[in-house]
Every structure is written in structure tokens, then in C-alpha cells.
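A.B. asks: Input: one structure, supplied below.
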Amino acid sequence: MDETALIQSAQNGDLDSFNTLILHYQDSVFHTALRILSDEDLAADATQEAFISAFRSISSFRGGSFKAWMMRTVTNACYDELRRRKRRPTTPLEPETEDGEEIDSPRWLADPNMTPAEKSEADELEHAIQHCLDALPTDFRTAVVLADIQGMDYSEVAIASQVPVGTIKSRLARARLRLRECLRGFEELLPASFRLESESNS
Amino acid sequence: MKNFNDIELLSSYLDGQLNSADSVRLESRISSHPELASALNDLRVARGVLRKLPARKAPRNFTLTRKMVGQKPPLPRSYSIFQFATGFATLLLVFSFAINALSSARTFGAAAPAFGMGGGGGGPAATEAPVAESAPVEEPSLQFAAVPTQTASSPNADDARQLETATAEALMTKEAVAGSEPQDQSSVANDTVIPFSWQVILVIIILISVVAAIAINQNAKRKWQ
């Protein structure tokens, strides 16, 4: 796939070329949206919105990493979705007791499918990680999703997040630290290699 | 106690974002400070776990349709020609109606005092109307009167002069009454500055242009899809 040629054609209004780019990036764009929004339907909506918005503004793309530019678009779509969700709040993610106190490990209590007997370990680990991601501030979550899940380098993450590289470094460090703290609650789900390392260091 | 600057350095070190000098310095500190080694391991676990997350595939294709992005089919040049023809012919048609309406209004405005038309013109109409109405009545009497005068003109010159004056007045009145009708007819004929046939032609042009433009548009859409 000649990405540069496809981008140029898309900039001239060729929708077929842009659709070829979509087919190439849709998995990573959807995955990013899913990790930020933690909801498949919302992630699908944000992905579609991101691609529509990207096609309309592709003339503003001035070269560089197209993936970073695309991730910036989907990140913005996710932020819009989160703002909408904030304006129209639904069921709280963290259920509370009658006294108004947050329940520990609510995911396992709220979702009966999350018991280890019913789900494979991989699914449980994924849910555990998503739970910890959801607990992060949105900016931290975005940084960690783009850098650690999408494997983008700092400069690409900075472009996608529209902040300086220094800010990305700081957000990543804080996010990883918080994630590690959160994941301690799900130690038994971690792969053996991680568990052994952490146990030997604790 | 972990310093946040150290955490940031460790995180960057983990990602290979430190230059070699800073890396060497940090490595020596890590070897001498177990706290830093532990923090580095924590960060590594967090990053490693995230990287273990299975990649989720898109549940469907997100390819865009032309409708989704609001793209319109490319239309041939003939479409804009027909579009222009429709607009121009419509403008001309409206203009022709306006001109005809204006000219007829002006004609009626000029003719109104002579005919005594309109509810407001009761005064002059009331005075002039009997003259117009009495004229046909007077006409035959004058003609009848004129015939005997010609035969009996020789005996009395004064009578003859009076009769001539009366005849001249009667003729003038007759001309005035008779002249007003043809003038009115000609003004009605002049009301339509732009002939009706032209307006019909304009309407036909408009209809043809509209139909052609719609057909071209539909055809372009069908081809595009």
C-alpha cells in the first residue's frame, strides 16, 4: 500500500483511496477508541465519526505520521463522546453502598460474568486492565493507550494528544504508576512472569 | 520515598527515551538504590501488562459512502447551462408580466378622468356622462335638422348662420364622443407591451430546461452510484 499516494488521492476527494486507508487503520483506531471509552458501541460510533471527520479535514494533513494524525482524530472523537456522556450521565461505573461508599472491586460484584469460574483468565485480565484504565484520568489513559497499547513513540503520542513531548513523558510515568497500584488488586490474574517479578521485588 | 522526577526518568528509560549519558547515570543509581529498581520493575510490569492486551478487531467495516461524507455527483456542463436557462427565462417571464401590468395600469390611470371611472371620480363623471349619453340622441336630430336647413338656407341668412353654428357644435360633440372610443380600443391594444406569444415561448423554454436539468441530474446520480 502506497500510503502517500493514497493520502494525496484522498486529499483530491477520492473516497476510494481514503477507504483503502480506513481498511488499513480501522482495527487500531477502533481498539484505541475502545480502550478510551470502555464501551464497544460507543467506540464504534467514535470510530465512524473519526473517519468521517478525517476525510473532511484531510486537506489539513501536512505530512508526517498519518497514524498519529488519525489517532488525534479518534482521540478527539472519544473526548467528544466522553463530554456527551458527562452531560447525560447514565449508570455509574462504580456502584456505591447504601451509605454512599464505593464498593471495592465493583466490577466483579456488578458483573456476574466476571467470576473466574465463568470466564477465561485472558478475558478476566483484559477486564481487570480495562477497569484500571477506566480509573485513570482521560489524558493519562489516552497517553498510556497510545504509547503502550498502540506502541506509538513519544513524538507521535504528542502529535495525537496535541501536547508537548515533556507532558507525555510525565503523563505516561504517572499513568503507569497508578496502573501498577491498581493491578496489585488483581495480582492472581497477571501472567506468571509479571507476578514472579513483582513478588520478588516486593 | 520515590521522587516523581525519578519515576519520570525511569519511565523514559524504560522506553529508551533517555540519551546515553543519562541512561548510564540512571543505571548506576538503580544499582545502588533498590527503591529505584523496584519502581522500575513496577513500571515495567504496568507497561508489559498493557502490551499483553489482545488487539481487538473492528466489529465491522468503517468505510465511508459518498452519502456519509455529503459528496454530490459531478454534473456535466450542460446541467449548469440548463440551470442558467431556467433562471434567465423565469426572470424574463416575470419581467414581461411586470412590464405589461405597469403599462396597463398607466393606460387606465390616464383614461380614468375621461371615463369617469372609479368611485372617487363622481364629480366630473356626473357632469360629463350626460354629454356622452345625449350625443347619440342628439345626432339624429341634428342630421334631420341639417337637411331642412340646407334646403331652406336661401330665404334667411341669419337662420342659416345659426344653423351652421349649431351643426358645427353638434359635429364637434359627435367627433369628441366618437373619438373617445377608438382611442380607448387602441390603448387596450397597446397595454400588452410584450406579446402573449413571447410569454408562452418563455414558459416552454422554462419547462424544457427544468426537465432537461432534472434528467441530467438523475442520470449523473445513477452513473455515480
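Identifiers in the C-alpha cells: chain A, B, ... in order shown; residue index from 1 per chain; ligand index from 1 in order shown.
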Excluding same-chain residues fewer than 3 positions from Ser38 (chain A), what lies within 10 Å of it counting only C-alpha atoms, as a PDB file with N, CA and C atoms, in the first residue's frame?
C.D. replies:
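Done, and the output landed in out.pdb:
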ATOM      1  N   HIS A  31      -9.651  -0.037  18.309  1.00  0.00           N
ATOM      2  CA  HIS A  31      -9.080  -0.519  19.566  1.00  0.00           C
ATOM      3  C   HIS A  31      -8.742   0.638  20.507  1.00  0.00           C
ATOM      4  N   THR A  32      -8.202   1.696  19.925  1.00  0.00           N
ATOM      5  CA  THR A  32      -7.894   2.883  20.730  1.00  0.00           C
ATOM      6  C   THR A  32      -9.168   3.461  21.347  1.00  0.00           C
ATOM      7  N   ALA A  33     -10.191   3.593  20.490  1.00  0.00           N
ATOM      8  CA  ALA A  33     -11.467   4.156  20.982  1.00  0.00           C
ATOM      9  C   ALA A  33     -12.063   3.263  22.062  1.00  0.00           C
ATOM     10  N   LEU A  34     -11.945   1.949  21.868  1.00  0.00           N
ATOM     11  CA  LEU A  34     -12.500   1.010  22.842  1.00  0.00           C
ATOM     12  C   LEU A  34     -11.812   1.147  24.195  1.00  0.00           C
ATOM     13  N   ARG A  35     -10.472   1.291  24.168  1.00  0.00           N
ATOM     14  CA  ARG A  35      -9.743   1.392  25.437  1.00  0.00           C
ATOM     15  C   ARG A  35     -10.007   2.729  26.136  1.00  0.00           C
ATOM     16  N   ASP A  41     -20.029  -0.168  21.641  1.00  0.00           N
ATOM     17  CA  ASP A  41     -20.932   0.608  20.771  1.00  0.00           C
ATOM     18  C   ASP A  41     -20.462   2.052  20.639  1.00  0.00           C
ATOM     19  N   LEU A  42     -20.095   2.617  21.780  1.00  0.00           N
ATOM     20  CA  LEU A  42     -19.607   3.999  21.746  1.00  0.00           C
ATOM     21  C   LEU A  42     -18.305   4.087  20.954  1.00  0.00           C
ATOM     22  N   ALA A  43     -17.476   3.065  21.124  1.00  0.00           N
ATOM     23  CA  ALA A  43     -16.201   3.048  20.398  1.00  0.00           C
ATOM     24  C   ALA A  43     -16.447   2.964  18.892  1.00  0.00           C
ATOM     25  N   HIS A 127     -10.423  -7.532  31.379  1.00  0.00           N
ATOM     26  CA  HIS A 127     -11.378  -6.715  32.141  1.00  0.00           C
ATOM     27  C   HIS A 127     -10.691  -5.988  33.287  1.00  0.00           C
ATOM     28  N   GLN A 130      -8.801  -3.120  31.836  1.00  0.00           N
ATOM     29  CA  GLN A 130      -9.722  -2.062  31.416  1.00  0.00           C
ATOM     30  C   GLN A 130     -10.273  -1.314  32.632  1.00  0.00           C
ATOM     31  N   HIS A 131     -10.525  -2.083  33.678  1.00  0.00           N
ATOM     32  CA  HIS A 131     -11.006  -1.460  34.923  1.00  0.00           C
ATOM     33  C   HIS A 131      -9.987  -0.447  35.438  1.00  0.00           C
ATOM     34  N   LEU A 133      -7.668   1.011  33.635  1.00  0.00           N
ATOM     35  CA  LEU A 133      -7.589   2.115  32.672  1.00  0.00           C
ATOM     36  C   LEU A 133      -8.720   3.116  32.911  1.00  0.00           C
ATOM     37  N   ASP A 134      -9.905   2.578  33.182  1.00  0.00           N
ATOM     38  CA  ASP A 134     -11.064   3.451  33.413  1.00  0.00           C
ATOM     39  C   ASP A 134     -10.867   4.350  34.633  1.00  0.00           C
TER      40      ASP A 134
END
A.B. asks: Near chain B, meaning an atom within 6 Å, which residues of chain A appear when counting only C-alpha atoms? Write them as a list of chain:residue names.
C.D. replies: A:Asn19, A:Asp27, A:Phe30, A:His31, A:Gln48, A:Asp148, A:Ile149, A:Ser170, A:Ala173, A:Arg176, A:Arg180, A:Phe194, A:Asn201
A.B. asks: Taking into account only C-alpha atoms, which residue in the set A:Val74, A:Leu23, A:Ala143, A:Ala68 is nearest to Asp45 (chain A)?
C.D. replies: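 Comparing A:Val74, A:Leu23, A:Ala143, A:Ala68 against Asp45 (chain A), the winner is A:Val74.
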A.B. asks: Please indicate the distance in Å from CA of Phe18 (chain A) to CA of Ser65 (chain A), rounded to one decimal place.
C.D. replies: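 We find that CA of Phe18 (chain A) and CA of Ser65 (chain A) lie 15.6 Å from each other.
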A.B. asks: I'd like the contact shell of Leu146 (chain A) - 10 Å cut-off, only C-alpha atoms, skipping same-chain residues fewer than 2 positions apart - returned as a compact mmCIF listing (two decimals) with N, CA and C atoms, in the first residue's frame.
C.D. replies:
# COMPACT_ATOMS: atom_id res chain seq x y z
N SER A 28 -6.86 -0.59 14.53
CA SER A 28 -6.13 0.14 15.59
C SER A 28 -6.93 1.35 16.07
N THR A 32 -8.20 1.70 19.93
CA THR A 32 -7.89 2.88 20.73
C THR A 32 -9.17 3.46 21.35
N ARG A 35 -10.47 1.29 24.17
CA ARG A 35 -9.74 1.39 25.44
C ARG A 35 -10.01 2.73 26.14
N ILE A 36 -10.26 3.75 25.36
CA ILE A 36 -10.52 5.06 25.99
C ILE A 36 -11.96 5.13 26.51
N ALA A 68 -0.47 8.92 13.56
CA ALA A 68 -0.59 9.88 14.67
C ALA A 68 -1.73 10.86 14.41
N MET A 71 -4.94 9.08 14.91
CA MET A 71 -5.19 8.85 16.34
C MET A 71 -5.65 10.14 17.03
N ARG A 72 -5.13 11.25 16.54
CA ARG A 72 -5.58 12.53 17.11
C ARG A 72 -7.08 12.72 16.81
N THR A 75 -9.03 10.35 19.00
CA THR A 75 -8.96 10.80 20.40
C THR A 75 -9.95 11.96 20.62
N ARG A 141 -5.04 8.21 30.46
CA ARG A 141 -5.49 6.99 29.78
C ARG A 141 -5.11 7.05 28.30
N THR A 142 -5.35 8.21 27.70
CA THR A 142 -5.04 8.37 26.28
C THR A 142 -3.54 8.16 26.03
N ALA A 143 -2.72 8.75 26.89
CA ALA A 143 -1.27 8.63 26.72
C ALA A 143 -0.82 7.18 26.80
N VAL A 144 -1.37 6.49 27.78
CA VAL A 144 -0.94 5.10 28.01
C VAL A 144 -1.50 4.17 26.91
N ASP A 148 1.53 2.58 25.05
CA ASP A 148 1.77 1.19 25.45
C ASP A 148 0.90 0.18 24.70
N ILE A 149 -0.29 0.56 24.32
CA ILE A 149 -1.15 -0.39 23.61
C ILE A 149 -0.94 -0.26 22.10
N GLN A 150 -0.89 0.97 21.60
CA GLN A 150 -0.67 1.16 20.16
C GLN A 150 0.81 1.15 19.79
N GLY A 151 1.68 1.25 20.79
CA GLY A 151 3.12 1.19 20.52
C GLY A 151 3.67 2.40 19.78
N MET A 152 3.01 3.55 19.96
CA MET A 152 3.50 4.76 19.29
C MET A 152 4.63 5.37 20.10
N ASP A 153 5.55 6.06 19.41
CA ASP A 153 6.63 6.72 20.17
C ASP A 153 6.15 8.05 20.74
N TYR A 154 7.00 8.64 21.59
CA TYR A 154 6.57 9.83 22.32
C TYR A 154 6.13 10.98 21.40
N GLU A 156 4.90 10.82 18.40
CA GLU A 156 3.60 10.52 17.78
C GLU A 156 2.46 10.72 18.78
N VAL A 157 2.72 10.28 20.01
CA VAL A 157 1.70 10.45 21.06
C VAL A 157 1.47 11.94 21.31
N ALA A 158 2.56 12.70 21.26
CA ALA A 158 2.45 14.15 21.47
C ALA A 158 1.61 14.79 20.37
N ALA A 160 -0.65 13.22 18.52
CA ALA A 160 -2.03 12.74 18.67
C ALA A 160 -2.75 13.45 19.82
N SER A 161 -2.01 13.75 20.88
CA SER A 161 -2.63 14.38 22.05
C SER A 161 -2.56 15.90 22.00
N LEU A 172 2.72 9.66 31.09
CA LEU A 172 2.98 8.22 30.99
C LEU A 172 3.49 7.67 32.31
A.B. asks: Give me the residues within 12 Å of Ile208 (chain B) as a list in words, counting only C-alpha atoms and dropping any in the same chain fewer than 3 places off.
C.D. replies: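 Surrounding residues, per the criterion: Phe82, Gln83, Ala85, Thr86, Ala89, Ile201, Leu202, Val203, Ile204, Ile205, Val211, Ala212, Ala213, Ile214 and Ala215 of chain B.
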A.B. asks: When distances are computed from only C-alpha atoms, which of A:Pro191, A:Ile58, A:Gln26, A:Thr20 shows the smallest separation from Glu126 (chain A)?
C.D. replies: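 So, comparing all the options, the nearest one is A:Pro191.
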